[in-house]
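With mmCIF, C-alpha atoms inside, this is entry_17.cif:
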data_protein
#
loop_
_atom_site.label_atom_id
_atom_site.label_comp_id
_atom_site.auth_asym_id
_atom_site.auth_seq_id
_atom_site.Cartn_x
_atom_site.Cartn_y
_atom_site.Cartn_z
CA TYR Z 1 -0.42 -8.00 25.99
CA ASP Z 2 1.05 -10.18 28.66
CA SER Z 3 1.32 -13.93 28.16
CA ASP Z 4 -2.31 -14.37 29.24
CA GLY Z 5 -3.39 -12.53 26.05
CA ARG Z 6 -5.65 -10.20 28.07
CA THR Z 7 -3.55 -7.92 30.26
CA PRO Z 8 -2.22 -4.83 28.44
CA VAL Z 9 1.43 -4.16 29.25
CA GLY Z 10 2.37 -1.50 26.71
CA ALA Z 11 1.91 -0.02 23.24
CA ARG Z 12 3.35 -0.61 19.82
CA TYR Z 13 3.65 2.22 17.28
CA MET Z 14 5.26 2.79 13.89
CA ASP Z 15 7.56 5.47 12.49
CA ASP Z 16 11.01 4.65 11.00
CA GLY Z 17 10.48 1.17 12.35
CA VAL Z 18 8.21 -0.29 15.02
CA ARG Z 19 8.70 0.90 18.61
CA LEU Z 20 7.55 -0.60 21.89
CA ARG Z 21 6.74 1.33 25.06
CA PHE Z 22 5.91 -0.51 28.28
CA PHE Z 23 3.94 0.72 31.26
CA ASP Z 24 6.58 -0.90 33.46
CA GLU Z 25 10.02 -1.18 31.88
CA ASP Z 26 11.13 -3.41 34.76
CA SER Z 27 8.41 -6.01 34.19
CA ALA Z 28 9.35 -9.50 33.06
CA VAL Z 29 7.64 -9.10 29.66
CA ALA Z 30 9.39 -5.77 29.02
CA ARG Z 31 12.78 -7.25 29.88
CA ARG Z 32 12.12 -10.18 27.57
CA TYR Z 33 11.20 -7.91 24.67
CA ARG Z 34 14.23 -5.68 25.23
CA MET Z 35 16.45 -8.76 25.18
CA LEU Z 36 14.91 -9.85 21.88
CA GLU Z 37 15.31 -6.37 20.39
CA SER Z 38 19.00 -6.43 21.31
CA ALA Z 39 19.41 -9.83 19.66
CA LEU Z 40 17.50 -8.77 16.53
CA PRO Z 41 18.54 -5.16 15.85
CA GLY Z 42 16.46 -3.31 13.27
CA SER Z 43 13.59 -5.78 13.48
CA ALA Z 44 10.08 -5.41 14.82
CA VAL Z 45 9.63 -8.30 17.25
CA ALA Z 46 6.47 -9.89 18.56
CA ILE Z 47 6.02 -12.87 20.86
CA THR Z 48 3.23 -14.87 19.23
CA SER Z 49 2.93 -17.74 21.74
CA GLY Z 50 4.78 -19.52 24.52
CA THR Z 51 4.86 -22.45 26.90
CA ARG Z 52 2.92 -22.27 30.14
CA ASP Z 53 6.08 -22.11 32.25
CA GLY Z 54 7.37 -19.15 30.22
CA ARG Z 55 10.61 -20.81 29.19
CA LEU Z 56 9.96 -21.11 25.43
CA SER Z 57 8.46 -18.44 23.20
CA LEU Z 58 7.77 -18.31 19.48
CA VAL Z 59 8.98 -14.96 18.19
CA HIS Z 60 8.15 -13.21 14.92
CA ALA Z 61 10.71 -10.74 13.60
CA ALA Z 62 10.35 -8.59 10.47
CA SER Z 63 11.55 -5.30 9.02
CA ASP Z 64 11.46 -3.15 5.90
CA ARG Z 65 14.13 -5.43 4.37
CA ASP Z 66 13.06 -8.74 5.91
CA PRO Z 67 9.71 -10.33 4.93
CA GLY Z 68 9.61 -12.02 8.33
CA GLN Z 69 10.90 -15.03 10.19
CA TYR Z 70 9.86 -17.13 13.18
CA LEU Z 71 12.36 -18.07 15.87
CA LEU Z 72 12.24 -20.14 19.05
CA PHE Z 73 13.48 -18.27 22.12
CA ASP Z 74 14.65 -20.23 25.16
CA ALA Z 75 14.67 -17.81 28.09
CA GLU Z 76 16.60 -20.18 30.36
CA ALA Z 77 19.33 -21.06 27.89
CA ARG Z 78 19.13 -17.60 26.27
CA THR Z 79 19.17 -19.06 22.78
CA LEU Z 80 17.30 -17.98 19.68
CA ASP Z 81 16.90 -20.58 16.94
CA GLY Z 82 15.29 -20.17 13.53
CA VAL Z 83 12.09 -22.09 12.79
CA PHE Z 84 11.18 -20.86 9.31
CA ALA Z 85 11.37 -17.72 7.19
CA ARG Z 86 9.20 -16.14 4.55
CA MET Z 87 10.77 -15.68 1.11
CA ASP Z 88 13.97 -17.29 2.29
CA TRP Z 89 15.38 -17.14 -1.24
CA LEU Z 90 16.11 -13.44 -0.73
CA ALA Z 91 19.73 -12.86 0.20
CA PRO Z 92 20.35 -10.78 3.35
CA GLY Z 93 20.74 -7.15 2.40
CA GLN Z 94 19.30 -7.67 -1.08
CA ALA Z 95 16.08 -5.80 -0.31
CA ALA Z 96 15.75 -2.03 -0.56
CA PRO Z 97 15.47 0.15 2.56
CA THR Z 98 12.27 2.04 3.39
CA ARG Z 99 12.06 5.28 5.34
CA ARG Z 100 9.21 7.33 6.72
CA ILE Z 101 8.35 10.60 4.99
CA ARG Z 102 6.32 13.57 6.22
CA LEU Z 103 4.87 16.49 4.30
CA GLN Z 104 2.11 19.05 4.45
CA ALA Z 105 -0.90 19.00 2.14
CA ARG Z 106 -2.05 22.18 0.44
CA ASP Z 107 -4.58 22.86 3.21
CA GLY Z 108 -2.05 22.32 6.00
CA VAL Z 109 -2.99 18.73 6.88
CA ALA Z 110 0.02 16.63 7.93
CA LEU Z 111 0.58 13.62 5.68
CA HIS Z 112 2.80 10.62 6.32
CA GLY Z 113 4.01 7.76 4.18
CA TYR Z 114 6.99 5.66 3.16
CA LEU Z 115 9.69 5.98 0.52
CA THR Z 116 11.58 2.97 -0.82
CA ARG Z 117 14.70 3.57 -2.90
CA PRO Z 118 16.73 0.91 -4.75
CA ALA Z 119 19.38 -0.75 -2.61
CA GLY Z 120 22.70 0.98 -3.15
CA ALA Z 121 21.21 3.80 -5.25
CA ASP Z 122 23.19 7.03 -5.37
CA GLU Z 123 21.66 10.13 -3.84
CA GLY Z 124 19.64 12.25 -6.22
CA PRO Z 125 16.40 12.06 -8.16
CA LEU Z 126 15.18 8.76 -9.64
CA PRO Z 127 12.26 7.66 -11.79
CA LEU Z 128 9.36 7.45 -9.35
CA VAL Z 129 6.33 5.20 -8.96
CA VAL Z 130 3.57 6.66 -6.78
CA MET Z 131 1.60 3.74 -5.35
CA PRO Z 132 -1.68 4.61 -3.57
CA HIS Z 133 -3.03 1.81 -1.39
CA GLY Z 134 -6.46 0.26 -1.75
CA GLY Z 135 -9.30 0.26 0.75
CA PRO Z 136 -9.43 3.15 1.02
CA PHE Z 137 -10.74 3.79 4.53
CA GLY Z 138 -8.90 2.40 7.52
CA VAL Z 139 -6.22 0.78 5.35
CA PHE Z 140 -2.69 2.16 5.62
CA ASP Z 141 0.77 1.73 4.18
CA ALA Z 142 3.38 0.57 6.68
CA TRP Z 143 7.13 0.46 7.20
CA TYR Z 144 7.24 -3.32 6.85
CA PHE Z 145 8.59 -5.18 3.79
CA ASP Z 146 6.25 -4.58 0.85
CA THR Z 147 6.49 -6.98 -2.10
CA GLU Z 148 5.42 -4.55 -4.85
CA SER Z 149 7.67 -1.78 -3.54
CA GLN Z 150 10.62 -4.18 -3.52
CA LEU Z 151 9.83 -5.40 -7.03
CA LEU Z 152 9.79 -1.85 -8.36
CA ALA Z 153 12.87 -0.78 -6.41
CA ALA Z 154 14.76 -3.76 -7.85
CA ALA Z 155 13.83 -2.46 -11.32
CA GLY Z 156 15.42 0.91 -10.51
CA TYR Z 157 12.50 3.00 -9.26
CA ALA Z 158 11.90 4.98 -6.13
CA VAL Z 159 8.48 4.08 -4.71
CA LEU Z 160 6.31 6.54 -2.79
CA ARG Z 161 3.41 5.28 -0.69
CA VAL Z 162 1.27 7.96 0.91
CA ASN Z 163 -1.26 7.59 3.69
CA TYR Z 164 -3.72 10.07 2.24
CA ARG Z 165 -6.61 11.24 4.42
CA GLY Z 166 -9.06 8.43 5.05
CA SER Z 167 -6.20 6.03 5.83
CA GLY Z 168 -6.07 4.19 9.12
CA ASN Z 169 -3.40 4.35 11.85
CA TYR Z 170 -3.52 8.15 12.30
CA GLY Z 171 -6.60 8.50 14.45
CA ARG Z 172 -10.34 8.63 13.91
CA ARG Z 173 -10.41 12.28 12.85
CA PHE Z 174 -7.89 11.70 10.04
CA GLN Z 175 -9.76 8.64 8.81
CA GLU Z 176 -13.14 10.39 8.84
CA SER Z 177 -11.67 13.39 6.99
CA GLY Z 178 -11.68 11.20 3.87
CA ALA Z 179 -15.44 10.70 3.89
CA GLY Z 180 -16.92 11.87 0.59
CA GLN Z 181 -13.47 12.74 -0.77
CA TRP Z 182 -13.05 10.13 -3.51
CA GLY Z 183 -11.41 12.14 -6.29
CA GLY Z 184 -11.31 15.19 -4.00
CA ALA Z 185 -9.02 15.92 -1.06
CA MET Z 186 -7.85 12.29 -1.00
CA GLN Z 187 -6.63 12.73 -4.57
CA ASP Z 188 -5.13 16.13 -3.78
CA ASP Z 189 -3.03 14.45 -1.09
CA LEU Z 190 -1.47 12.15 -3.70
CA THR Z 191 -0.83 15.09 -6.02
CA ASP Z 192 0.74 17.12 -3.22
CA ALA Z 193 2.97 14.19 -2.24
CA THR Z 194 4.09 13.74 -5.85
CA ARG Z 195 4.99 17.43 -6.17
CA TRP Z 196 6.76 17.23 -2.80
CA ALA Z 197 8.89 14.36 -4.13
CA ILE Z 198 9.89 16.51 -7.11
CA ASP Z 199 10.69 19.52 -4.93
CA GLU Z 200 12.74 17.38 -2.53
CA GLY Z 201 14.89 16.02 -5.34
CA ILE Z 202 13.54 12.49 -4.89
CA ALA Z 203 11.86 12.17 -8.29
CA VAL Z 204 12.84 13.03 -11.84
CA ALA Z 205 9.99 15.41 -12.69
CA ASP Z 206 9.18 14.00 -16.11
CA ARG Z 207 9.58 10.30 -15.17
CA ILE Z 208 6.75 9.59 -12.72
CA CYS Z 209 4.00 6.99 -13.03
CA ILE Z 210 1.10 6.24 -10.69
CA VAL Z 211 0.21 2.59 -10.01
CA GLY Z 212 -2.54 1.24 -7.77
CA ALA Z 213 -4.89 -1.64 -7.04
CA SER Z 214 -8.59 -1.56 -6.11
CA TYR Z 215 -9.23 1.98 -4.81
CA GLY Z 216 -5.58 2.61 -5.71
CA GLY Z 217 -6.47 1.77 -9.33
CA TYR Z 218 -9.23 4.37 -9.17
CA ALA Z 219 -6.75 6.89 -7.73
CA ALA Z 220 -4.23 6.09 -10.49
CA LEU Z 221 -6.73 6.86 -13.25
CA MET Z 222 -8.02 9.93 -11.42
CA GLY Z 223 -4.42 11.06 -11.05
CA VAL Z 224 -3.82 11.18 -14.80
CA ALA Z 225 -7.27 12.70 -15.37
CA ARG Z 226 -6.86 15.52 -12.86
CA GLU Z 227 -3.14 16.11 -13.44
CA PRO Z 228 -2.51 15.27 -17.11
CA GLY Z 229 0.96 16.82 -17.08
CA LEU Z 230 2.23 15.29 -13.85
CA TYR Z 231 2.36 11.56 -14.62
CA ARG Z 232 3.94 9.78 -17.60
CA CYS Z 233 1.66 6.75 -17.25
CA ALA Z 234 -0.90 5.03 -15.03
CA VAL Z 235 -1.68 1.45 -14.04
CA GLY Z 236 -5.06 0.36 -12.71
CA TYR Z 237 -5.04 -3.14 -11.22
CA VAL Z 238 -8.48 -4.58 -10.29
CA GLY Z 239 -9.73 -1.01 -10.04
CA VAL Z 240 -13.14 0.70 -9.99
CA TYR Z 241 -13.72 3.53 -12.44
CA ASP Z 242 -17.49 4.10 -12.59
CA LEU Z 243 -18.63 5.38 -9.19
CA PRO Z 244 -22.39 5.56 -9.90
CA ALA Z 245 -22.26 1.88 -10.97
CA LEU Z 246 -20.30 0.99 -7.83
CA HIS Z 247 -22.77 2.94 -5.68
CA ALA Z 248 -25.76 1.18 -7.24
CA ASP Z 249 -24.15 -2.24 -6.93
CA ARG Z 250 -23.28 -1.78 -3.24
CA ALA Z 251 -26.62 -0.18 -2.39
CA ARG Z 252 -28.49 -3.17 -3.84
CA THR Z 253 -26.46 -5.64 -1.78
CA ALA Z 254 -27.49 -4.57 1.75
CA ALA Z 255 -28.89 -1.61 3.67
CA SER Z 256 -25.62 -1.28 5.60
CA LEU Z 257 -23.68 -0.95 2.35
CA ARG Z 258 -26.17 1.62 1.08
CA HIS Z 259 -25.48 3.74 4.15
CA TRP Z 260 -21.74 3.16 3.73
CA VAL Z 261 -21.61 4.40 0.13
CA ASN Z 262 -23.72 7.45 0.99
CA GLU Z 263 -21.59 8.39 3.97
CA TRP Z 264 -18.13 7.50 2.64
CA MET Z 265 -18.31 7.83 -1.16
CA GLY Z 266 -20.64 10.80 -1.16
CA ALA Z 267 -24.02 11.74 -2.61
CA ARG Z 268 -24.85 9.74 -5.72
CA ASP Z 269 -25.46 12.83 -7.87
CA THR Z 270 -21.81 13.88 -7.34
CA LEU Z 271 -20.22 10.60 -8.37
CA ALA Z 272 -20.37 10.82 -12.17
CA ALA Z 273 -18.11 13.88 -12.13
CA ARG Z 274 -15.59 11.94 -10.04
CA SER Z 275 -15.51 8.84 -12.26
CA PRO Z 276 -12.52 8.22 -14.53
CA VAL Z 277 -14.78 6.65 -17.20
CA ASN Z 278 -16.30 10.10 -17.69
CA LEU Z 279 -12.94 11.91 -17.70
CA ALA Z 280 -11.11 9.99 -20.41
CA ALA Z 281 -10.94 13.08 -22.63
CA ARG Z 282 -8.65 14.69 -20.05
CA ILE Z 283 -6.24 11.74 -19.89
CA LYS Z 284 -3.11 12.10 -22.03
CA ALA Z 285 -0.85 9.48 -20.44
CA PRO Z 286 -0.73 5.82 -21.55
CA VAL Z 287 -2.66 3.41 -19.33
CA LEU Z 288 -2.36 -0.26 -18.38
CA LEU Z 289 -5.56 -1.92 -17.11
CA VAL Z 290 -5.43 -5.30 -15.33
CA ALA Z 291 -8.51 -7.14 -14.09
CA GLY Z 292 -9.96 -10.53 -13.20
CA GLY Z 293 -13.13 -11.88 -14.75
CA ALA Z 294 -14.23 -13.45 -11.44
CA ASP Z 295 -13.80 -10.26 -9.41
CA THR Z 296 -16.97 -9.48 -7.41
CA ILE Z 297 -15.49 -6.48 -5.57
CA ALA Z 298 -14.27 -4.54 -8.61
CA PRO Z 299 -16.04 -6.27 -11.51
CA ILE Z 300 -14.11 -6.48 -14.77
CA SER Z 301 -16.89 -4.42 -16.38
CA HIS Z 302 -15.28 -1.34 -14.79
CA SER Z 303 -12.02 -2.01 -16.60
CA ARG Z 304 -13.75 -2.79 -19.91
CA ARG Z 305 -15.74 0.47 -19.74
CA MET Z 306 -12.57 2.37 -18.87
CA GLN Z 307 -10.79 0.75 -21.81
CA ARG Z 308 -13.56 1.74 -24.25
CA ALA Z 309 -13.59 5.31 -22.94
CA LEU Z 310 -9.83 5.63 -23.37
CA GLU Z 311 -9.89 4.14 -26.86
CA ALA Z 312 -12.68 6.53 -27.86
CA HIS Z 313 -10.32 9.41 -27.06
CA ASP Z 314 -7.24 7.82 -28.65
CA VAL Z 315 -5.45 7.29 -25.34
CA PRO Z 316 -2.90 4.45 -25.60
CA VAL Z 317 -4.18 1.58 -23.44
CA ARG Z 318 -2.84 -1.92 -22.75
CA THR Z 319 -4.85 -4.59 -20.98
CA LEU Z 320 -4.32 -7.84 -19.14
CA TYR Z 321 -7.60 -9.62 -18.36
CA VAL Z 322 -7.67 -13.08 -16.79
CA ASP Z 323 -11.13 -14.65 -16.65
CA SER Z 324 -10.37 -17.02 -13.76
CA GLU Z 325 -8.93 -14.43 -11.36
CA GLY Z 326 -10.72 -12.36 -8.74
CA HIS Z 327 -9.84 -9.26 -6.74
CA GLY Z 328 -6.08 -9.67 -7.01
CA PHE Z 329 -4.39 -12.47 -8.91
CA ARG Z 330 -3.79 -15.63 -6.84
CA SER Z 331 -2.19 -18.03 -9.31
CA GLU Z 332 1.59 -17.80 -9.30
CA ASP Z 333 1.65 -17.95 -13.11
CA ASN Z 334 -0.85 -15.10 -13.38
CA ARG Z 335 0.96 -12.99 -10.80
CA ARG Z 336 4.13 -13.51 -12.81
CA ARG Z 337 2.28 -12.44 -15.98
CA TYR Z 338 1.03 -9.31 -14.25
CA TYR Z 339 4.41 -8.34 -12.82
CA ALA Z 340 6.14 -8.95 -16.15
CA GLU Z 341 3.53 -6.81 -17.93
CA LEU Z 342 3.82 -4.10 -15.27
CA LEU Z 343 7.61 -3.92 -15.55
CA SER Z 344 7.46 -3.92 -19.34
CA PHE Z 345 4.91 -1.10 -19.33
CA LEU Z 346 6.87 1.01 -16.83
CA ALA Z 347 10.15 0.39 -18.65
CA GLY Z 348 8.64 1.84 -21.82
CA HIS Z 349 7.85 5.11 -20.04
CA LEU Z 350 10.31 5.40 -17.16
CA GLY Z 351 13.26 3.36 -18.44
CA GLY Z 352 13.66 0.80 -15.64
CA ALA Z 353 14.41 -2.90 -15.87
CA THR Z 354 12.07 -5.53 -17.26
CA ALA Z 355 11.39 -9.00 -15.84
CA GLN Z 356 14.20 -11.55 -16.12
#
Go through the file and emit its structure as structure tokens.
Amino acid sequence: YDSDGRTPVGARYMDDGVRLRFFDEDSAVARRYRMLESALPGSAVAITSGTRDGRLSLVHAASDRDPGQYLLFDAEARTLDGVFARMDWLAPGQAAPTRRIRLQARDGVALHGYLTRPAGADEGPLPLVVMPHGGPFGVFDAWYFDTESQLLAAAGYAVLRVNYRGSGNYGRRFQESGAGQWGGAMQDDLTDATRWAIDEGIAVADRICIVGASYGGYAALMGVAREPGLYRCAVGYVGVYDLPALHADRARTAASLRHWVNEWMGARDTLAARSPVNLAARIKAPVLLVAGGADTIAPISHSRRMQRALEAHDVPVRTLYVDSEGHGFRSEDNRRRYYAELLSFLAGHLGGATAQ
């Protein structure tokens, strides 16, 4: 939008970076953005605010290797001065690059996502972590700097993030195609992307783990249940694993949520067959479960039931439960505990680095 915050002047879209297209390339706002892009090559730039006379602007710049920084742009003096940066302890160039990937699902649907490889890694297959995003509907993985992807790349892994059907940013039809497909076509998309990574020489075929949070935790456990020979291990972080229980809990909360679970999760009588807690006998890969005792979105009871089901079928399972945490750990100490446990678990199965 123009400086008034109301007048549309162009469009922003994402592929191997973030691109800007203006309705009028000769307009003052377009010229300003093009000047900033020239000064900050490789970054996605956004003017967040400015003075009324248009001389000073606060600019945000970020990329796949830069968590983001704010700069003050003086249009009259043509200077660009740093204000503050996120994660400024990261050395320039230390982060791993991310590129867009495209593939075709088994039914011909076009899928998109992002691949992050360790900085300076030689060409050729690497141990791979498939990392489905949470949500699931309307959420999407992006080209921007991603903390977990960078953590895993620094440990020596390639990281594959797939915008399976139901994800946002690819149009209403693509998002709605995920309705009722928990454990179905949405899961097939992750499987197809994993096999694509093997076929493309990105992944070492027998050194792949699937790691996710929230819905991504569900997808991780469904991945090892539906494809017991494809993944070496799985990590479910604040995940949901008992869909009938989730359906009942949401339906009790409000009428709108009852309609949501019926329309987006699917008919209640189909959910038990798509619940990892009922599929533990099919799981052969070791599992790490992480949950917070104060989580009201994915109650820790899901993880405890999943743990008992895995133990009943002699599946190796490790747990990290923190009573004070909710849907995603907030305490720095607890995040450190989780990341150290995650790296230790993955190192035991994929051979990457552990926490320092």
Query - Atom-to-atom span, atom CA of Z:Asp249 and atom CA of Z:Ser275, Å - result: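 Value for the atom CA of Z:Asp249-atom CA of Z:Ser275 distance: 15.0 Å.
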Report task. Choose the residue, out of Z:Asp333, Z:Phe140, Z:Leu288, Z:Gly5, that has the smallest atom-to-atom separation from Z:Gly348; count only C-alpha atoms. Result -> Z:Leu288
Query - Residue IDs satisfying the PyMOL selection byres ((chain Z and resi 102-108) around 12), as a count of residues only - result: 33
Query raised in the report: So what does the PyMOL selection byres ((chain Z and resi 300-304) around 8) actually pick up in this one, as a ChimeraX atom specification?
Result: /Z:238-242,289-295,298-299,305-308
Report task. List the residues selected by the PyMOL selection byres ((chain Z and resi 203-215) around 6) in the file shown, writing them as a list of chain:residue names. Result -> Z:Pro125, Z:Leu126, Z:Pro127, Z:Leu128, Z:Val129, Z:Val130, Z:Met131, Z:Pro132, Z:Gly134, Z:Gly135, Z:Pro136, Z:Ala197, Z:Ile198, Z:Gly201, Z:Ile202, Z:Gly216, Z:Gly217, Z:Tyr218, Z:Ala220, Z:Tyr231, Z:Arg232, Z:Cys233, Z:Ala234, Z:Val235, Z:Gly236, Z:Tyr237, Z:Val238, Z:Gly239, Z:Leu350
Requested in this report: Find the spatial neighbours of stretch 43-48 of chain Z, counting all atoms listed in the file, within a cut-off of 7 Å - ignore same-chain residues fewer than 4 positions away - and output them as a list of chain:residue names.
Outcome: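 Returned residues: Z:Val18, Z:Glu37, Z:Ser57, Z:Leu58, Z:Val59, Z:His60, Z:Ala61, Z:Ala62, Z:Ser63.
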Can you write just those residues out, C-alpha atoms, as a PDB file, keeping the file's coordinate frame?
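The resulting file, selection-v5.pdb, is reproduced below:
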ATOM      1  CA  VAL Z  18       8.210  -0.290  15.020  1.00  0.00           C
ATOM      2  CA  GLU Z  37      15.310  -6.370  20.390  1.00  0.00           C
ATOM      3  CA  SER Z  57       8.460 -18.440  23.200  1.00  0.00           C
ATOM      4  CA  LEU Z  58       7.770 -18.310  19.480  1.00  0.00           C
ATOM      5  CA  VAL Z  59       8.980 -14.960  18.190  1.00  0.00           C
ATOM      6  CA  HIS Z  60       8.150 -13.210  14.920  1.00  0.00           C
ATOM      7  CA  ALA Z  61      10.710 -10.740  13.600  1.00  0.00           C
ATOM      8  CA  ALA Z  62      10.350  -8.590  10.470  1.00  0.00           C
ATOM      9  CA  SER Z  63      11.550  -5.300   9.020  1.00  0.00           C
TER      10      SER Z  63
END
